[in-house]
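*Asks:* For reference, the structure I am asking about is given below.
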Amino acid sequence: MNAVLVDSDVIIEVLKQSGREILSKWDELGRSEAVVVYSPVSAAEIWHGVRDAEQDSIVALFSVMTCAPIDEEIGRKAGDYLRLFHRSHGLELGDALIAATAWIHKLQLWTRNRKHYPMKDLRLF
């Protein structure tokens with residue numbers, strides 16, 4: 001395990017300190033040599049729903065992770081995913097960008113919503 005891209009749903013569970021399995025895997029990941037990565041899409045989703053009392057814990061959590069940039073190559077791959085899976089699976093832009101980021105950077109994707117990621121070329125954590 002070299003690097004793991006953590007999806008928004010997992011980040012939310014870690015912030016809420018809920019879900020024994022999620023927290024156990026988070027702890028295991030933190031003790032490993034793996035780089036823990038998040039997408040700007042996830043940051044936007046988290047900050048969109050923030051309450052004042054949660055801001056410090058969000059800043060602290062993001063500070064121990066690496067933000068993967070979104071560039072033209074990721075945009076193109078996300079567009080490919082949308083073309084292939086939007087109609088058949090309801091794939092949305094945010095998930096397409098996250099999936100493309102994982103694929104381009106060769107990251108494992110950790111999500112609780114595997115149905116949002118029907119791509120066969122993704123490696124899931």
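How things are named: the first chain in the structure tokens is A, the next is B, and so on; residues count from 1 in each chain; ligands count from 1 in the order shown.
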As a list of chain:residue names, please: the residues near Lys115 of chain A (cut-off 9 Å, only C-alpha atoms, same-chain neighbours under 3 positions excluded).

*Replies:* A:His89, A:Arg112, A:Pro118

*Asks:* If we count only C-alpha atoms and set the cut-off at 12 Å, which residues sit around Arg76 of chain A, ignoring sequence neighbours fewer than 2 positions away in its own chain? Please answer as a list in words.

*Replies:*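 Result of the neighbour search: Ile70, Asp71, Glu72, Glu73, Ile74, Ala78, Gly79, Asp80, Tyr81, Leu82, Arg83, Leu93, Ala96, Leu97, Ala99, Ala100, Thr101, Trp103 and Ile104 of chain A.
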
*Asks:* What does the structure give for the distance between atom CA of Leu61 of chain A and atom CA of Arg114 of chain A, in Å to one decimal?

*Replies:*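 Atom CA of Arg114 of chain A lies at a distance of 23.0 Å from atom CA of Leu61 of chain A.
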
*Asks:* Measuring between only C-alpha atoms, which one of A:Leu15, A:Ile22, A:Lys120, A:Gly75 shows the shortest distance to Phe62 of chain A?

*Replies:*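 For Phe62 of chain A, the nearest of the given residues is A:Leu15.
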
*Asks:* For Glu45 of chain A, work out the shell of residues within 10 Å, counting only C-alpha atoms and skipping chain neighbours fewer than 6 positions away, then give it as a ChimeraX atom specification.

*Replies:* /A:8-9,12,39,94

*Asks:* Let's have the selection written as a compact mmCIF listing (two decimals), in the first residue's frame, with C-alpha atoms.

*Replies:*
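Result written to again-v2.txt:
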# COMPACT_ATOMS: atom_id res chain seq x y z
CA SER A 8 -15.58 12.28 1.40
CA ASP A 9 -17.80 9.67 3.05
CA ILE A 12 -16.94 12.42 7.39
CA SER A 39 -9.23 15.47 -3.41
CA GLY A 94 -17.46 14.98 -8.20

*Asks:* Counting only C-alpha atoms, which of A:Ile11, A:Lys77, A:Lys25, A:Tyr117 gets nearest to Glu92 of chain A?

*Replies:*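 The closest residue to Glu92 of chain A is A:Tyr117.
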
*Asks:* Report, in Å with one decimal, the straight-line distance from atom CA of Phe85 of chain A to atom CA of Asn2 of chain A.

*Replies:*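 Straight-line distance from atom CA of Phe85 of chain A to atom CA of Asn2 of chain A works out to 27.7 Å.
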
*Asks:* What are the DSSP alpha helix (DSSP H) residues of chain A, as a PDB file with N, CA and C atoms, in the first residue's frame?

*Replies:*
ATOM      1  N   SER A   8     -14.883  11.401   0.453  1.00  0.00           N
ATOM      2  CA  SER A   8     -15.582  12.277   1.400  1.00  0.00           C
ATOM      3  C   SER A   8     -16.347  11.507   2.468  1.00  0.00           C
ATOM      4  N   ASP A   9     -16.998  10.413   2.081  1.00  0.00           N
ATOM      5  CA  ASP A   9     -17.799   9.665   3.047  1.00  0.00           C
ATOM      6  C   ASP A   9     -16.941   9.089   4.172  1.00  0.00           C
ATOM      7  N   VAL A  10     -15.725   8.688   3.856  1.00  0.00           N
ATOM      8  CA  VAL A  10     -14.813   8.173   4.880  1.00  0.00           C
ATOM      9  C   VAL A  10     -14.312   9.327   5.754  1.00  0.00           C
ATOM     10  N   ILE A  11     -13.970  10.441   5.139  1.00  0.00           N
ATOM     11  CA  ILE A  11     -13.516  11.612   5.897  1.00  0.00           C
ATOM     12  C   ILE A  11     -14.585  12.033   6.907  1.00  0.00           C
ATOM     13  N   ILE A  12     -15.841  12.030   6.491  1.00  0.00           N
ATOM     14  CA  ILE A  12     -16.944  12.416   7.386  1.00  0.00           C
ATOM     15  C   ILE A  12     -17.017  11.457   8.579  1.00  0.00           C
ATOM     16  N   GLU A  13     -16.881  10.169   8.329  1.00  0.00           N
ATOM     17  CA  GLU A  13     -16.928   9.192   9.427  1.00  0.00           C
ATOM     18  C   GLU A  13     -15.759   9.393  10.390  1.00  0.00           C
ATOM     19  N   VAL A  14     -14.587   9.689   9.862  1.00  0.00           N
ATOM     20  CA  VAL A  14     -13.424   9.932  10.720  1.00  0.00           C
ATOM     21  C   VAL A  14     -13.662  11.186  11.562  1.00  0.00           C
ATOM     22  N   LEU A  15     -14.192  12.229  10.942  1.00  0.00           N
ATOM     23  CA  LEU A  15     -14.473  13.468  11.683  1.00  0.00           C
ATOM     24  C   LEU A  15     -15.514  13.248  12.783  1.00  0.00           C
ATOM     25  N   LYS A  16     -16.514  12.431  12.491  1.00  0.00           N
ATOM     26  CA  LYS A  16     -17.565  12.143  13.473  1.00  0.00           C
ATOM     27  C   LYS A  16     -17.118  11.115  14.502  1.00  0.00           C
ATOM     28  N   ARG A  20     -16.809   1.747  13.799  1.00  0.00           N
ATOM     29  CA  ARG A  20     -15.634   1.050  14.339  1.00  0.00           C
ATOM     30  C   ARG A  20     -14.700   0.561  13.234  1.00  0.00           C
ATOM     31  N   GLU A  21     -15.279  -0.003  12.163  1.00  0.00           N
ATOM     32  CA  GLU A  21     -14.450  -0.531  11.077  1.00  0.00           C
ATOM     33  C   GLU A  21     -13.676   0.594  10.386  1.00  0.00           C
ATOM     34  N   ILE A  22     -14.342   1.704  10.127  1.00  0.00           N
ATOM     35  CA  ILE A  22     -13.683   2.855   9.478  1.00  0.00           C
ATOM     36  C   ILE A  22     -12.556   3.365  10.363  1.00  0.00           C
ATOM     37  N   LEU A  23     -12.837   3.557  11.646  1.00  0.00           N
ATOM     38  CA  LEU A  23     -11.828   4.100  12.557  1.00  0.00           C
ATOM     39  C   LEU A  23     -10.657   3.143  12.732  1.00  0.00           C
ATOM     40  N   SER A  24     -10.924   1.853  12.726  1.00  0.00           N
ATOM     41  CA  SER A  24      -9.856   0.865  12.822  1.00  0.00           C
ATOM     42  C   SER A  24      -8.955   0.924  11.581  1.00  0.00           C
ATOM     43  N   LYS A  25      -9.572   0.995  10.394  1.00  0.00           N
ATOM     44  CA  LYS A  25      -8.787   1.097   9.163  1.00  0.00           C
ATOM     45  C   LYS A  25      -8.024   2.419   9.114  1.00  0.00           C
ATOM     46  N   TRP A  26      -8.636   3.501   9.603  1.00  0.00           N
ATOM     47  CA  TRP A  26      -7.975   4.811   9.633  1.00  0.00           C
ATOM     48  C   TRP A  26      -6.742   4.749  10.519  1.00  0.00           C
ATOM     49  N   ASP A  27      -6.884   4.121  11.681  1.00  0.00           N
ATOM     50  CA  ASP A  27      -5.771   3.967  12.609  1.00  0.00           C
ATOM     51  C   ASP A  27      -4.657   3.131  11.976  1.00  0.00           C
ATOM     52  N   GLU A  28      -5.037   2.038  11.330  1.00  0.00           N
ATOM     53  CA  GLU A  28      -4.073   1.176  10.641  1.00  0.00           C
ATOM     54  C   GLU A  28      -3.350   1.949   9.535  1.00  0.00           C
ATOM     55  N   LEU A  29      -4.096   2.721   8.788  1.00  0.00           N
ATOM     56  CA  LEU A  29      -3.511   3.524   7.715  1.00  0.00           C
ATOM     57  C   LEU A  29      -2.524   4.545   8.279  1.00  0.00           C
ATOM     58  N   GLY A  30      -2.881   5.163   9.396  1.00  0.00           N
ATOM     59  CA  GLY A  30      -2.014   6.152  10.023  1.00  0.00           C
ATOM     60  C   GLY A  30      -0.706   5.564  10.540  1.00  0.00           C
ATOM     61  N   ARG A  31      -0.721   4.306  10.915  1.00  0.00           N
ATOM     62  CA  ARG A  31       0.492   3.644  11.402  1.00  0.00           C
ATOM     63  C   ARG A  31       1.346   3.082  10.268  1.00  0.00           C
ATOM     64  N   PRO A  40      -9.521  17.860  -3.812  1.00  0.00           N
ATOM     65  CA  PRO A  40     -10.177  19.148  -3.578  1.00  0.00           C
ATOM     66  C   PRO A  40     -11.702  19.023  -3.638  1.00  0.00           C
ATOM     67  N   VAL A  41     -12.197  18.042  -4.372  1.00  0.00           N
ATOM     68  CA  VAL A  41     -13.644  17.796  -4.419  1.00  0.00           C
ATOM     69  C   VAL A  41     -14.138  17.425  -3.027  1.00  0.00           C
ATOM     70  N   SER A  42     -13.422  16.542  -2.357  1.00  0.00           N
ATOM     71  CA  SER A  42     -13.802  16.159  -0.994  1.00  0.00           C
ATOM     72  C   SER A  42     -13.693  17.339  -0.044  1.00  0.00           C
ATOM     73  N   ALA A  43     -12.655  18.142  -0.203  1.00  0.00           N
ATOM     74  CA  ALA A  43     -12.511  19.325   0.651  1.00  0.00           C
ATOM     75  C   ALA A  43     -13.728  20.238   0.479  1.00  0.00           C
ATOM     76  N   ALA A  44     -14.157  20.456  -0.758  1.00  0.00           N
ATOM     77  CA  ALA A  44     -15.324  21.304  -1.013  1.00  0.00           C
ATOM     78  C   ALA A  44     -16.578  20.711  -0.373  1.00  0.00           C
ATOM     79  N   GLU A  45     -16.738  19.392  -0.495  1.00  0.00           N
ATOM     80  CA  GLU A  45     -17.909  18.747   0.098  1.00  0.00           C
ATOM     81  C   GLU A  45     -17.899  18.859   1.619  1.00  0.00           C
ATOM     82  N   ILE A  46     -16.739  18.706   2.226  1.00  0.00           N
ATOM     83  CA  ILE A  46     -16.637  18.802   3.689  1.00  0.00           C
ATOM     84  C   ILE A  46     -16.874  20.244   4.141  1.00  0.00           C
ATOM     85  N   TRP A  47     -16.199  21.192   3.513  1.00  0.00           N
ATOM     86  CA  TRP A  47     -16.338  22.592   3.923  1.00  0.00           C
ATOM     87  C   TRP A  47     -17.729  23.140   3.634  1.00  0.00           C
ATOM     88  N   HIS A  48     -18.416  22.590   2.666  1.00  0.00           N
ATOM     89  CA  HIS A  48     -19.770  23.033   2.350  1.00  0.00           C
ATOM     90  C   HIS A  48     -20.711  22.834   3.531  1.00  0.00           C
ATOM     91  N   GLN A  55     -14.728  23.407  12.628  1.00  0.00           N
ATOM     92  CA  GLN A  55     -13.659  23.914  11.773  1.00  0.00           C
ATOM     93  C   GLN A  55     -12.265  23.470  12.205  1.00  0.00           C
ATOM     94  N   ASP A  56     -11.966  23.546  13.476  1.00  0.00           N
ATOM     95  CA  ASP A  56     -10.620  23.171  13.943  1.00  0.00           C
ATOM     96  C   ASP A  56     -10.311  21.705  13.674  1.00  0.00           C
ATOM     97  N   SER A  57     -11.288  20.828  13.898  1.00  0.00           N
ATOM     98  CA  SER A  57     -11.032  19.412  13.670  1.00  0.00           C
ATOM     99  C   SER A  57     -10.867  19.112  12.181  1.00  0.00           C
ATOM    100  N   ILE A  58     -11.554  19.854  11.331  1.00  0.00           N
ATOM    101  CA  ILE A  58     -11.399  19.662   9.887  1.00  0.00           C
ATOM    102  C   ILE A  58     -10.016  20.128   9.440  1.00  0.00           C
ATOM    103  N   VAL A  59      -9.608  21.280   9.913  1.00  0.00           N
ATOM    104  CA  VAL A  59      -8.266  21.780   9.585  1.00  0.00           C
ATOM    105  C   VAL A  59      -7.212  20.779  10.046  1.00  0.00           C
ATOM    106  N   ALA A  60      -7.365  20.265  11.259  1.00  0.00           N
ATOM    107  CA  ALA A  60      -6.393  19.303  11.794  1.00  0.00           C
ATOM    108  C   ALA A  60      -6.359  18.028  10.956  1.00  0.00           C
ATOM    109  N   LEU A  61      -7.519  17.530  10.566  1.00  0.00           N
ATOM    110  CA  LEU A  61      -7.549  16.300   9.778  1.00  0.00           C
ATOM    111  C   LEU A  61      -6.913  16.501   8.410  1.00  0.00           C
ATOM    112  N   PHE A  62      -7.277  17.577   7.723  1.00  0.00           N
ATOM    113  CA  PHE A  62      -6.690  17.826   6.406  1.00  0.00           C
ATOM    114  C   PHE A  62      -5.179  18.077   6.492  1.00  0.00           C
ATOM    115  N   SER A  63      -4.703  18.558   7.639  1.00  0.00           N
ATOM    116  CA  SER A  63      -3.271  18.844   7.766  1.00  0.00           C
ATOM    117  C   SER A  63      -2.413  17.586   7.787  1.00  0.00           C
ATOM    118  N   GLU A  72      -5.621  19.107 -16.100  1.00  0.00           N
ATOM    119  CA  GLU A  72      -6.272  18.804 -17.374  1.00  0.00           C
ATOM    120  C   GLU A  72      -6.360  17.308 -17.619  1.00  0.00           C
ATOM    121  N   GLU A  73      -5.316  16.567 -17.273  1.00  0.00           N
ATOM    122  CA  GLU A  73      -5.313  15.116 -17.474  1.00  0.00           C
ATOM    123  C   GLU A  73      -6.414  14.448 -16.649  1.00  0.00           C
ATOM    124  N   ILE A  74      -6.566  14.895 -15.425  1.00  0.00           N
ATOM    125  CA  ILE A  74      -7.630  14.364 -14.570  1.00  0.00           C
ATOM    126  C   ILE A  74      -8.989  14.775 -15.115  1.00  0.00           C
ATOM    127  N   GLY A  75      -9.103  16.013 -15.598  1.00  0.00           N
ATOM    128  CA  GLY A  75     -10.346  16.463 -16.203  1.00  0.00           C
ATOM    129  C   GLY A  75     -10.738  15.617 -17.400  1.00  0.00           C
ATOM    130  N   ARG A  76      -9.775  15.274 -18.203  1.00  0.00           N
ATOM    131  CA  ARG A  76     -10.061  14.437 -19.383  1.00  0.00           C
ATOM    132  C   ARG A  76     -10.494  13.033 -18.968  1.00  0.00           C
ATOM    133  N   LYS A  77      -9.788  12.438 -18.026  1.00  0.00           N
ATOM    134  CA  LYS A  77     -10.147  11.095 -17.559  1.00  0.00           C
ATOM    135  C   LYS A  77     -11.533  11.120 -16.905  1.00  0.00           C
ATOM    136  N   ALA A  78     -11.816  12.166 -16.137  1.00  0.00           N
ATOM    137  CA  ALA A  78     -13.146  12.296 -15.522  1.00  0.00           C
ATOM    138  C   ALA A  78     -14.220  12.400 -16.602  1.00  0.00           C
ATOM    139  N   GLY A  79     -13.935  13.132 -17.666  1.00  0.00           N
ATOM    140  CA  GLY A  79     -14.871  13.225 -18.782  1.00  0.00           C
ATOM    141  C   GLY A  79     -15.105  11.874 -19.432  1.00  0.00           C
ATOM    142  N   ASP A  80     -14.039  11.088 -19.576  1.00  0.00           N
ATOM    143  CA  ASP A  80     -14.180   9.726 -20.114  1.00  0.00           C
ATOM    144  C   ASP A  80     -15.093   8.900 -19.212  1.00  0.00           C
ATOM    145  N   TYR A  81     -14.856   8.974 -17.904  1.00  0.00           N
ATOM    146  CA  TYR A  81     -15.690   8.227 -16.965  1.00  0.00           C
ATOM    147  C   TYR A  81     -17.163   8.678 -17.051  1.00  0.00           C
ATOM    148  N   LEU A  82     -17.382   9.983 -17.148  1.00  0.00           N
ATOM    149  CA  LEU A  82     -18.751  10.490 -17.247  1.00  0.00           C
ATOM    150  C   LEU A  82     -19.433   9.981 -18.513  1.00  0.00           C
ATOM    151  N   ARG A  83     -18.701  10.009 -19.609  1.00  0.00           N
ATOM    152  CA  ARG A  83     -19.259   9.532 -20.869  1.00  0.00           C
ATOM    153  C   ARG A  83     -19.646   8.053 -20.762  1.00  0.00           C
ATOM    154  N   LEU A  84     -18.827   7.269 -20.080  1.00  0.00           N
ATOM    155  CA  LEU A  84     -19.072   5.832 -19.972  1.00  0.00           C
ATOM    156  C   LEU A  84     -20.129   5.472 -18.928  1.00  0.00           C
ATOM    157  N   PHE A  85     -20.202   6.222 -17.829  1.00  0.00           N
ATOM    158  CA  PHE A  85     -20.999   5.773 -16.692  1.00  0.00           C
ATOM    159  C   PHE A  85     -22.101   6.721 -16.220  1.00  0.00           C
ATOM    160  N   HIS A  86     -22.225   7.891 -16.811  1.00  0.00           N
ATOM    161  CA  HIS A  86     -23.249   8.820 -16.318  1.00  0.00           C
ATOM    162  C   HIS A  86     -24.657   8.257 -16.536  1.00  0.00           C
ATOM    163  N   ARG A  87     -24.947   7.849 -17.748  1.00  0.00           N
ATOM    164  CA  ARG A  87     -26.301   7.334 -18.036  1.00  0.00           C
ATOM    165  C   ARG A  87     -26.570   6.009 -17.338  1.00  0.00           C
ATOM    166  N   SER A  88     -25.641   5.099 -17.432  1.00  0.00           N
ATOM    167  CA  SER A  88     -25.883   3.745 -16.924  1.00  0.00           C
ATOM    168  C   SER A  88     -25.840   3.648 -15.403  1.00  0.00           C
ATOM    169  N   HIS A  89     -24.993   4.476 -14.757  1.00  0.00           N
ATOM    170  CA  HIS A  89     -24.799   4.362 -13.306  1.00  0.00           C
ATOM    171  C   HIS A  89     -25.081   5.660 -12.545  1.00  0.00           C
ATOM    172  N   LEU A  93     -20.228  14.408 -11.464  1.00  0.00           N
ATOM    173  CA  LEU A  93     -18.940  15.047 -11.720  1.00  0.00           C
ATOM    174  C   LEU A  93     -17.949  14.863 -10.577  1.00  0.00           C
ATOM    175  N   GLY A  94     -18.374  15.095  -9.338  1.00  0.00           N
ATOM    176  CA  GLY A  94     -17.458  14.980  -8.205  1.00  0.00           C
ATOM    177  C   GLY A  94     -16.845  13.597  -8.097  1.00  0.00           C
ATOM    178  N   ASP A  95     -17.657  12.575  -8.226  1.00  0.00           N
ATOM    179  CA  ASP A  95     -17.149  11.201  -8.144  1.00  0.00           C
ATOM    180  C   ASP A  95     -16.261  10.873  -9.337  1.00  0.00           C
ATOM    181  N   ALA A  96     -16.601  11.403 -10.510  1.00  0.00           N
ATOM    182  CA  ALA A  96     -15.755  11.184 -11.692  1.00  0.00           C
ATOM    183  C   ALA A  96     -14.381  11.818 -11.483  1.00  0.00           C
ATOM    184  N   LEU A  97     -14.332  13.012 -10.902  1.00  0.00           N
ATOM    185  CA  LEU A  97     -13.049  13.674 -10.633  1.00  0.00           C
ATOM    186  C   LEU A  97     -12.241  12.911  -9.588  1.00  0.00           C
ATOM    187  N   ILE A  98     -12.902  12.415  -8.567  1.00  0.00           N
ATOM    188  CA  ILE A  98     -12.206  11.643  -7.536  1.00  0.00           C
ATOM    189  C   ILE A  98     -11.660  10.347  -8.132  1.00  0.00           C
ATOM    190  N   ALA A  99     -12.465   9.652  -8.911  1.00  0.00           N
ATOM    191  CA  ALA A  99     -12.019   8.411  -9.543  1.00  0.00           C
ATOM    192  C   ALA A  99     -10.851   8.676 -10.486  1.00  0.00           C
ATOM    193  N   ALA A 100     -10.946   9.736 -11.277  1.00  0.00           N
ATOM    194  CA  ALA A 100      -9.871  10.067 -12.214  1.00  0.00           C
ATOM    195  C   ALA A 100      -8.591  10.415 -11.469  1.00  0.00           C
ATOM    196  N   THR A 101      -8.698  11.103 -10.355  1.00  0.00           N
ATOM    197  CA  THR A 101      -7.530  11.432  -9.538  1.00  0.00           C
ATOM    198  C   THR A 101      -6.860  10.155  -9.042  1.00  0.00           C
ATOM    199  N   ALA A 102      -7.665   9.221  -8.555  1.00  0.00           N
ATOM    200  CA  ALA A 102      -7.112   7.941  -8.082  1.00  0.00           C
ATOM    201  C   ALA A 102      -6.425   7.215  -9.233  1.00  0.00           C
ATOM    202  N   TRP A 103      -7.039   7.180 -10.392  1.00  0.00           N
ATOM    203  CA  TRP A 103      -6.480   6.440 -11.524  1.00  0.00           C
ATOM    204  C   TRP A 103      -5.194   7.091 -12.036  1.00  0.00           C
ATOM    205  N   ILE A 104      -5.217   8.389 -12.241  1.00  0.00           N
ATOM    206  CA  ILE A 104      -4.044   9.101 -12.786  1.00  0.00           C
ATOM    207  C   ILE A 104      -2.854   8.989 -11.842  1.00  0.00           C
TER     208      ILE A 104
END
